[in-house]
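Have a look at model.cif; it's mmCIF, C-alpha atoms and all ligand atoms:
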data_input
loop_
_atom_site.label_atom_id
_atom_site.label_comp_id
_atom_site.auth_asym_id
_atom_site.auth_seq_id
_atom_site.Cartn_x
_atom_site.Cartn_y
_atom_site.Cartn_z
CA MET A 1 -21.30 13.71 22.32
CA TYR A 2 -19.09 11.04 23.81
CA LYS A 3 -19.87 7.33 24.12
CA GLN A 4 -17.99 4.79 26.15
CA VAL A 5 -17.01 2.13 23.63
CA ASN A 6 -14.73 -0.83 24.34
CA ASN A 7 -13.31 0.87 27.42
CA TYR A 8 -12.50 4.23 25.88
CA SER A 9 -14.35 7.45 25.16
CA MET A 10 -15.39 7.84 21.52
CA ALA A 11 -16.47 11.23 20.11
CA VAL A 12 -19.47 10.99 17.81
CA ASP A 13 -21.98 13.30 16.14
CA VAL A 14 -25.47 11.90 15.60
CA ARG A 15 -27.99 14.05 13.76
CA GLY A 16 -31.35 13.51 12.04
CA GLU A 17 -33.83 10.69 11.79
CA GLY A 18 -34.42 7.97 9.23
CA VAL A 19 -32.14 5.34 7.73
CA PRO A 20 -28.95 5.27 9.84
CA VAL A 21 -25.86 6.14 7.80
CA LEU A 22 -22.52 5.51 9.50
CA PHE A 23 -19.64 7.54 8.07
CA VAL A 24 -16.10 6.25 8.58
CA HIS A 25 -13.26 8.72 8.04
CA GLY A 26 -9.84 8.04 6.53
CA PHE A 27 -6.28 8.52 7.74
CA PRO A 28 -5.03 10.73 9.36
CA LEU A 29 -8.36 12.50 9.50
CA ASP A 30 -11.33 12.66 11.83
CA ARG A 31 -15.10 13.15 11.84
CA LYS A 32 -14.82 16.75 10.63
CA LEU A 33 -14.13 15.18 7.23
CA TRP A 34 -17.88 14.59 6.97
CA LYS A 35 -19.02 18.14 7.85
CA PRO A 36 -20.81 18.73 4.49
CA GLN A 37 -22.54 15.35 4.81
CA LEU A 38 -23.59 15.96 8.44
CA ASN A 39 -25.08 19.29 7.37
CA GLY A 40 -26.45 18.19 4.00
CA LEU A 41 -27.92 14.75 4.65
CA SER A 42 -29.32 14.84 8.18
CA ASP A 43 -32.62 16.34 6.96
CA LEU A 44 -33.67 12.91 5.66
CA PHE A 45 -31.34 10.40 7.31
CA GLN A 46 -29.78 9.64 10.67
CA VAL A 47 -26.17 10.64 10.13
CA ILE A 48 -23.67 9.02 12.53
CA VAL A 49 -20.13 10.37 12.41
CA PRO A 50 -17.58 9.02 14.90
CA ASP A 51 -13.90 9.75 15.47
CA LEU A 52 -12.03 6.44 15.31
CA ARG A 53 -9.86 5.54 18.31
CA GLY A 54 -6.73 7.69 18.44
CA HIS A 55 -8.23 10.24 16.02
CA GLY A 56 -9.88 13.64 16.56
CA ALA A 57 -11.50 13.97 19.97
CA SER A 58 -11.67 10.23 20.75
CA GLU A 59 -9.32 8.76 23.29
CA ALA A 60 -6.29 6.82 22.10
CA PRO A 61 -6.17 3.45 23.81
CA PRO A 62 -2.83 1.59 23.64
CA PRO A 63 -2.00 -0.68 20.67
CA PRO A 64 -2.66 -2.99 18.94
CA TYR A 65 -4.83 -1.23 16.36
CA SER A 66 -6.21 -3.26 13.48
CA MET A 67 -9.09 -3.21 11.01
CA GLU A 68 -10.78 -5.76 13.24
CA VAL A 69 -10.44 -3.50 16.28
CA PHE A 70 -11.81 -0.50 14.37
CA ALA A 71 -14.75 -2.52 12.99
CA ASN A 72 -15.51 -3.86 16.45
CA ASP A 73 -15.51 -0.30 17.83
CA LEU A 74 -18.09 0.71 15.22
CA ASN A 75 -20.35 -2.22 16.01
CA SER A 76 -20.09 -1.44 19.73
CA LEU A 77 -20.97 2.17 18.97
CA LEU A 78 -24.14 1.07 17.16
CA VAL A 79 -25.03 -1.09 20.16
CA ARG A 80 -24.41 1.85 22.53
CA LEU A 81 -26.62 4.07 20.36
CA GLY A 82 -29.38 1.44 20.49
CA ILE A 83 -29.46 1.04 16.70
CA LYS A 84 -30.82 -2.39 15.90
CA GLU A 85 -31.79 -1.96 12.26
CA LYS A 86 -29.39 -2.34 9.34
CA VAL A 87 -27.18 0.65 8.56
CA VAL A 88 -25.66 2.14 5.44
CA LEU A 89 -21.89 2.30 5.75
CA CYS A 90 -19.91 5.02 4.03
CA GLY A 91 -16.13 4.79 4.26
CA LEU A 92 -13.43 6.98 2.76
CA SER A 93 -10.05 5.43 2.04
CA MET A 94 -8.95 3.78 5.32
CA GLY A 95 -12.61 4.11 6.29
CA GLY A 96 -13.36 1.86 3.30
CA TYR A 97 -10.80 -0.70 4.51
CA ILE A 98 -12.67 -0.69 7.83
CA CYS A 99 -16.03 -1.11 6.07
CA PHE A 100 -14.72 -4.25 4.35
CA GLU A 101 -13.71 -5.65 7.75
CA PHE A 102 -17.10 -4.67 9.16
CA TYR A 103 -18.67 -6.62 6.31
CA ARG A 104 -16.49 -9.62 7.14
CA GLN A 105 -17.61 -9.58 10.76
CA TYR A 106 -21.16 -8.20 10.70
CA PRO A 107 -22.65 -8.75 7.21
CA GLN A 108 -26.17 -8.97 8.63
CA ARG A 109 -25.91 -5.35 9.87
CA ILE A 110 -25.40 -3.74 6.46
CA ALA A 111 -28.19 -2.30 4.27
CA GLY A 112 -25.87 -0.65 1.75
CA LEU A 113 -22.31 0.52 1.26
CA VAL A 114 -20.68 3.63 -0.16
CA LEU A 115 -17.00 3.16 -0.99
CA THR A 116 -15.22 6.49 -1.43
CA ALA A 117 -11.60 6.91 -2.57
CA THR A 118 -10.73 3.42 -1.43
CA ARG A 119 -9.48 0.06 -2.62
CA SER A 120 -10.11 -3.58 -1.77
CA ALA A 121 -6.50 -4.76 -2.20
CA ALA A 122 -4.03 -5.15 0.66
CA ASP A 123 -0.80 -3.11 0.78
CA SER A 124 1.96 -4.04 -1.64
CA ALA A 125 5.39 -4.87 -0.17
CA GLU A 126 6.57 -1.39 -1.18
CA THR A 127 3.63 0.33 0.52
CA ARG A 128 4.22 -1.71 3.69
CA LYS A 129 7.76 -0.34 3.78
CA GLN A 130 6.44 3.19 3.32
CA ARG A 131 4.10 2.70 6.31
CA ASP A 132 7.07 1.79 8.50
CA HIS A 133 9.05 4.72 7.12
CA ALA A 134 6.17 7.12 7.92
CA ALA A 135 5.95 5.66 11.43
CA ALA A 136 9.69 6.21 11.96
CA ILE A 137 9.40 9.82 10.75
CA ALA A 138 6.43 10.48 13.06
CA ALA A 139 8.25 8.96 16.02
CA SER A 140 11.48 10.90 15.41
CA GLN A 141 10.30 14.21 13.89
CA GLY A 142 6.65 14.40 14.99
CA ILE A 143 3.26 14.20 13.35
CA ASN A 144 3.79 17.47 11.53
CA ALA A 145 6.45 15.97 9.26
CA VAL A 146 4.08 13.22 8.09
CA VAL A 147 1.23 15.70 7.62
CA GLU A 148 3.34 18.10 5.52
CA GLY A 149 4.39 15.27 3.23
CA MET A 150 0.89 13.93 2.77
CA LEU A 151 -1.23 17.10 2.55
CA PRO A 152 -0.70 17.99 -1.15
CA LYS A 153 -1.47 14.44 -2.22
CA LEU A 154 -4.96 14.58 -0.71
CA PHE A 155 -6.35 17.00 -3.32
CA SER A 156 -6.35 17.39 -7.07
CA GLU A 157 -3.45 19.69 -7.98
CA LEU A 158 -5.88 22.42 -9.00
CA ASN A 159 -7.91 22.25 -5.77
CA TYR A 160 -4.67 22.30 -3.74
CA GLN A 161 -3.69 25.57 -5.46
CA GLN A 162 -7.11 27.18 -5.62
CA LYS A 163 -8.80 26.22 -2.34
CA PRO A 164 -6.41 27.39 0.43
CA ASP A 165 -9.19 27.50 3.06
CA LEU A 166 -10.12 23.88 2.38
CA VAL A 167 -6.44 22.84 2.45
CA GLN A 168 -5.98 24.63 5.80
CA PHE A 169 -9.14 22.99 7.20
CA VAL A 170 -7.83 19.54 6.28
CA LYS A 171 -4.32 20.31 7.58
CA GLU A 172 -5.69 21.30 10.99
CA MET A 173 -7.76 18.13 11.06
CA MET A 174 -4.71 16.01 10.28
CA LEU A 175 -2.67 17.68 13.03
CA ASN A 176 -5.37 16.65 15.51
CA ILE A 177 -4.41 12.99 15.37
CA SER A 178 -2.57 11.52 18.37
CA LEU A 179 0.79 9.84 17.85
CA GLN A 180 -0.75 6.63 19.14
CA GLY A 181 -3.56 6.92 16.59
CA LEU A 182 -1.16 7.67 13.76
CA LEU A 183 1.15 4.76 14.53
CA GLY A 184 -1.79 2.45 15.21
CA SER A 185 -3.51 3.26 11.90
CA LEU A 186 -0.30 2.87 9.92
CA ALA A 187 0.17 -0.61 11.41
CA ALA A 188 -3.51 -1.49 10.86
CA MET A 189 -3.34 -0.48 7.19
CA ARG A 190 -0.02 -2.25 6.69
CA ASP A 191 -1.34 -5.53 8.09
CA ARG A 192 -4.85 -5.53 6.66
CA PRO A 193 -5.94 -8.51 4.59
CA ASP A 194 -6.90 -8.41 0.94
CA SER A 195 -10.64 -7.75 0.71
CA SER A 196 -10.88 -8.38 -3.04
CA PRO A 197 -12.21 -11.96 -2.58
CA LEU A 198 -15.26 -10.47 -0.78
CA LEU A 199 -16.36 -8.27 -3.66
CA ASP A 200 -18.34 -10.65 -5.85
CA LYS A 201 -20.23 -11.96 -2.80
CA ILE A 202 -21.69 -8.61 -1.78
CA ASN A 203 -25.49 -8.80 -1.96
CA PHE A 204 -26.60 -5.30 -0.95
CA PRO A 205 -26.54 -2.05 -2.97
CA VAL A 206 -23.12 -0.43 -3.38
CA LEU A 207 -22.12 2.99 -4.64
CA VAL A 208 -18.47 3.64 -5.50
CA ILE A 209 -17.37 7.30 -5.63
CA HIS A 210 -13.87 8.28 -6.66
CA GLY A 211 -11.94 11.39 -7.71
CA GLU A 212 -10.42 11.06 -11.17
CA LYS A 213 -7.34 12.95 -9.89
CA ASP A 214 -6.86 10.86 -6.73
CA GLN A 215 -3.09 10.71 -6.12
CA ILE A 216 -3.31 8.16 -3.29
CA VAL A 217 -5.71 5.56 -4.67
CA PRO A 218 -5.75 5.53 -8.50
CA VAL A 219 -9.21 5.64 -10.06
CA GLN A 220 -8.56 2.25 -11.71
CA GLU A 221 -8.98 0.67 -8.26
CA ALA A 222 -12.53 2.02 -8.06
CA GLU A 223 -13.31 0.89 -11.59
CA LYS A 224 -12.12 -2.61 -10.75
CA MET A 225 -14.23 -2.77 -7.56
CA ALA A 226 -17.34 -1.48 -9.33
CA ARG A 227 -16.92 -4.05 -12.11
CA THR A 228 -16.62 -6.89 -9.59
CA ILE A 229 -19.35 -6.01 -7.06
CA PRO A 230 -22.70 -7.21 -8.45
CA GLY A 231 -24.88 -4.23 -9.47
CA ALA A 232 -22.52 -1.58 -8.06
CA ASP A 233 -22.79 1.99 -9.37
CA LEU A 234 -19.66 4.03 -10.03
CA GLU A 235 -19.43 7.83 -10.02
CA VAL A 236 -16.09 9.38 -10.99
CA PHE A 237 -15.70 13.07 -10.07
CA THR A 238 -13.50 14.74 -12.68
CA ASP A 239 -12.51 17.68 -10.44
CA SER A 240 -11.61 15.75 -7.29
CA GLY A 241 -8.57 14.12 -5.77
CA HIS A 242 -8.65 11.89 -2.69
CA LEU A 243 -11.38 13.83 -0.84
CA PRO A 244 -14.35 14.05 -3.24
CA ASN A 245 -16.85 14.65 -0.42
CA LEU A 246 -14.97 17.86 0.50
CA GLU A 247 -13.69 18.86 -2.92
CA GLN A 248 -17.11 18.54 -4.59
CA PRO A 249 -19.56 18.38 -1.65
CA VAL A 250 -22.71 19.34 -3.58
CA LEU A 251 -22.16 16.62 -6.17
CA TYR A 252 -21.21 14.11 -3.48
CA ASN A 253 -24.35 14.82 -1.45
CA HIS A 254 -26.44 14.61 -4.61
CA TYR A 255 -25.29 11.04 -5.31
CA MET A 256 -25.59 10.10 -1.64
CA HIS A 257 -29.18 11.39 -1.55
CA LYS A 258 -30.04 9.49 -4.71
CA PHE A 259 -28.47 6.27 -3.44
CA LEU A 260 -30.10 6.49 -0.01
CA LEU A 261 -33.55 7.34 -1.35
CA GLU A 262 -33.44 4.47 -3.86
CA LEU A 263 -32.37 2.13 -1.10
CA ASN A 264 -35.36 3.19 0.94
CA SER A 265 -37.95 2.88 -1.85
C1 LIG A 301 -6.39 7.34 3.83
O1 LIG A 301 -6.65 8.36 3.18
O2 LIG A 301 -7.20 6.85 4.63
C2 LIG A 301 -5.05 6.68 3.65
O3 LIG A 301 -4.20 7.58 3.04
C3 LIG A 301 -5.16 5.44 2.84
C4 LIG A 301 -3.86 4.76 2.63
O4 LIG A 301 -2.81 5.32 2.93
O5 LIG A 301 -3.87 3.62 2.13
#
Could I get this file's structure written as structure tokens?
Amino acid sequence: MYKQVNNYSMAVDVRGEGVPVLFVHGFPLDRKLWKPQLNGLSDLFQVIVPDLRGHGASEAPPPPYSMEVFANDLNSLLVRLGIKEKVVLCGLSMGGYICFEFYRQYPQRIAGLVLTATRSAADSAETRKQRDHAAAIAASQGINAVVEGMLPKLFSELNYQQKPDLVQFVKEMMLNISLQGLLGSLAAMRDRPDSSPLLDKINFPVLVIHGEKDQIVPVQEAEKMARTIPGADLEVFTDSGHLPNLEQPVLYNHYMHKFLLELNS
């Protein structure tokens, strides 16, 4: 379905009943990232899976894009859906950066948090330069050039070689992003603040899930976050890269189920 959110049309899937769980995709992906979770978790929970502005089937309003803008969109979506109770947030990579901003702005709305393949730190000076380089490539050569460069890094090397259908599924998803969305997200990631000072203040349950073979966010980042967030659980998937929810969906849904049921008990 589509919802009018902050003056643009946002695509969103909502399925199931129970504790609302809001899934936030990474870059340059869209809500199809969460297909195994939409199918596997909506028997017990209300699964909410939006396309961020500029991504997937959502409209791409003009810049500026920022973590604040994305977080505000998500809060407006919850208002539009009439969800008043606290939600569980689950963000992957850039989705995790957005969850930290959501926490900054709307802490009273969060019942629990699942941080997947993400980090709390801001970009280094070198990474900021790479964002601008990627933006220049996209603007001059097109989205395809950025996608081709990034695709192999999203999986463990083994999964990239052995799961061609999954790789193709992700590639098609990446090519769905608008140029506006791609440039906007690169700028939003480049300019995001450091969220590390928030970690030891978090007072709701947190689950950190990370692929041991993540080539984009090293697993040490997850270990550091889990050590710092009071009571956080950490699950490291040995056979996953940057997309553990797609590379090992059964295991991922198992830990999600466990976390969500414990939260509810
Ligand atoms: C993502 O997967 O969302 C991005 O690659 C994260 C990043 O580039 O920092």
For a quick check of understanding, using only C-alpha atoms, which of A:Asn39, A:Ser178, A:Gln4, A:Ser196 has the smallest distance to Ala57 (chain A)? A:Ser178
Close residues, Ile209 (chain A) itself excluded, 12 Å, all atoms listed in the file, min 6 positions apart in chain, as a PyMOL selection string: chain A and resi 90-93+96+113-119+217+219-223+225-226+232-238+240-245+248-249+251-256+259
Using all atoms listed in the file, which of the listed residues (A:Val146, A:Leu154, A:Leu182, A:Val208) sits closest to ligand LIG 301 (chain A)? A:Leu154
Quick one: of A:Lys171, A:Lys163, A:Arg131, A:Arg109, who's nearest to Val147 (chain A), counting all atoms listed in the file? A:Lys171
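The residue that comes closest to ligand LIG 301 (chain A), out of A:Val167, A:Leu29, A:Val49, A:Met1 and on the basis of all atoms listed in the file, is A:Leu29.
The shell of residues at most 9 Å from Tyr106 (chain A), with all atoms listed in the file counted and near chain neighbours (fewer than 5 positions) removed, consists of Ala71, Asn75 and Glu101 of chain A.
Of the listed residues A:Asp73, A:Asp123, A:Asp165, A:Glu247, the one whose atoms come nearest to ligand LIG 301 (chain A) is A:Asp123, with distances taken using only C-alpha atoms and all ligand atoms.
Close contacts of Glu17 (chain A), defined as residues with an atom at most 8 Å away when counting all atoms listed in the file, with chain neighbours fewer than 2 positions off set aside, comprise Arg15, Val19, Pro20, Ser42, Asp43, Leu44, Phe45, Gln46 and Val47 of chain A.
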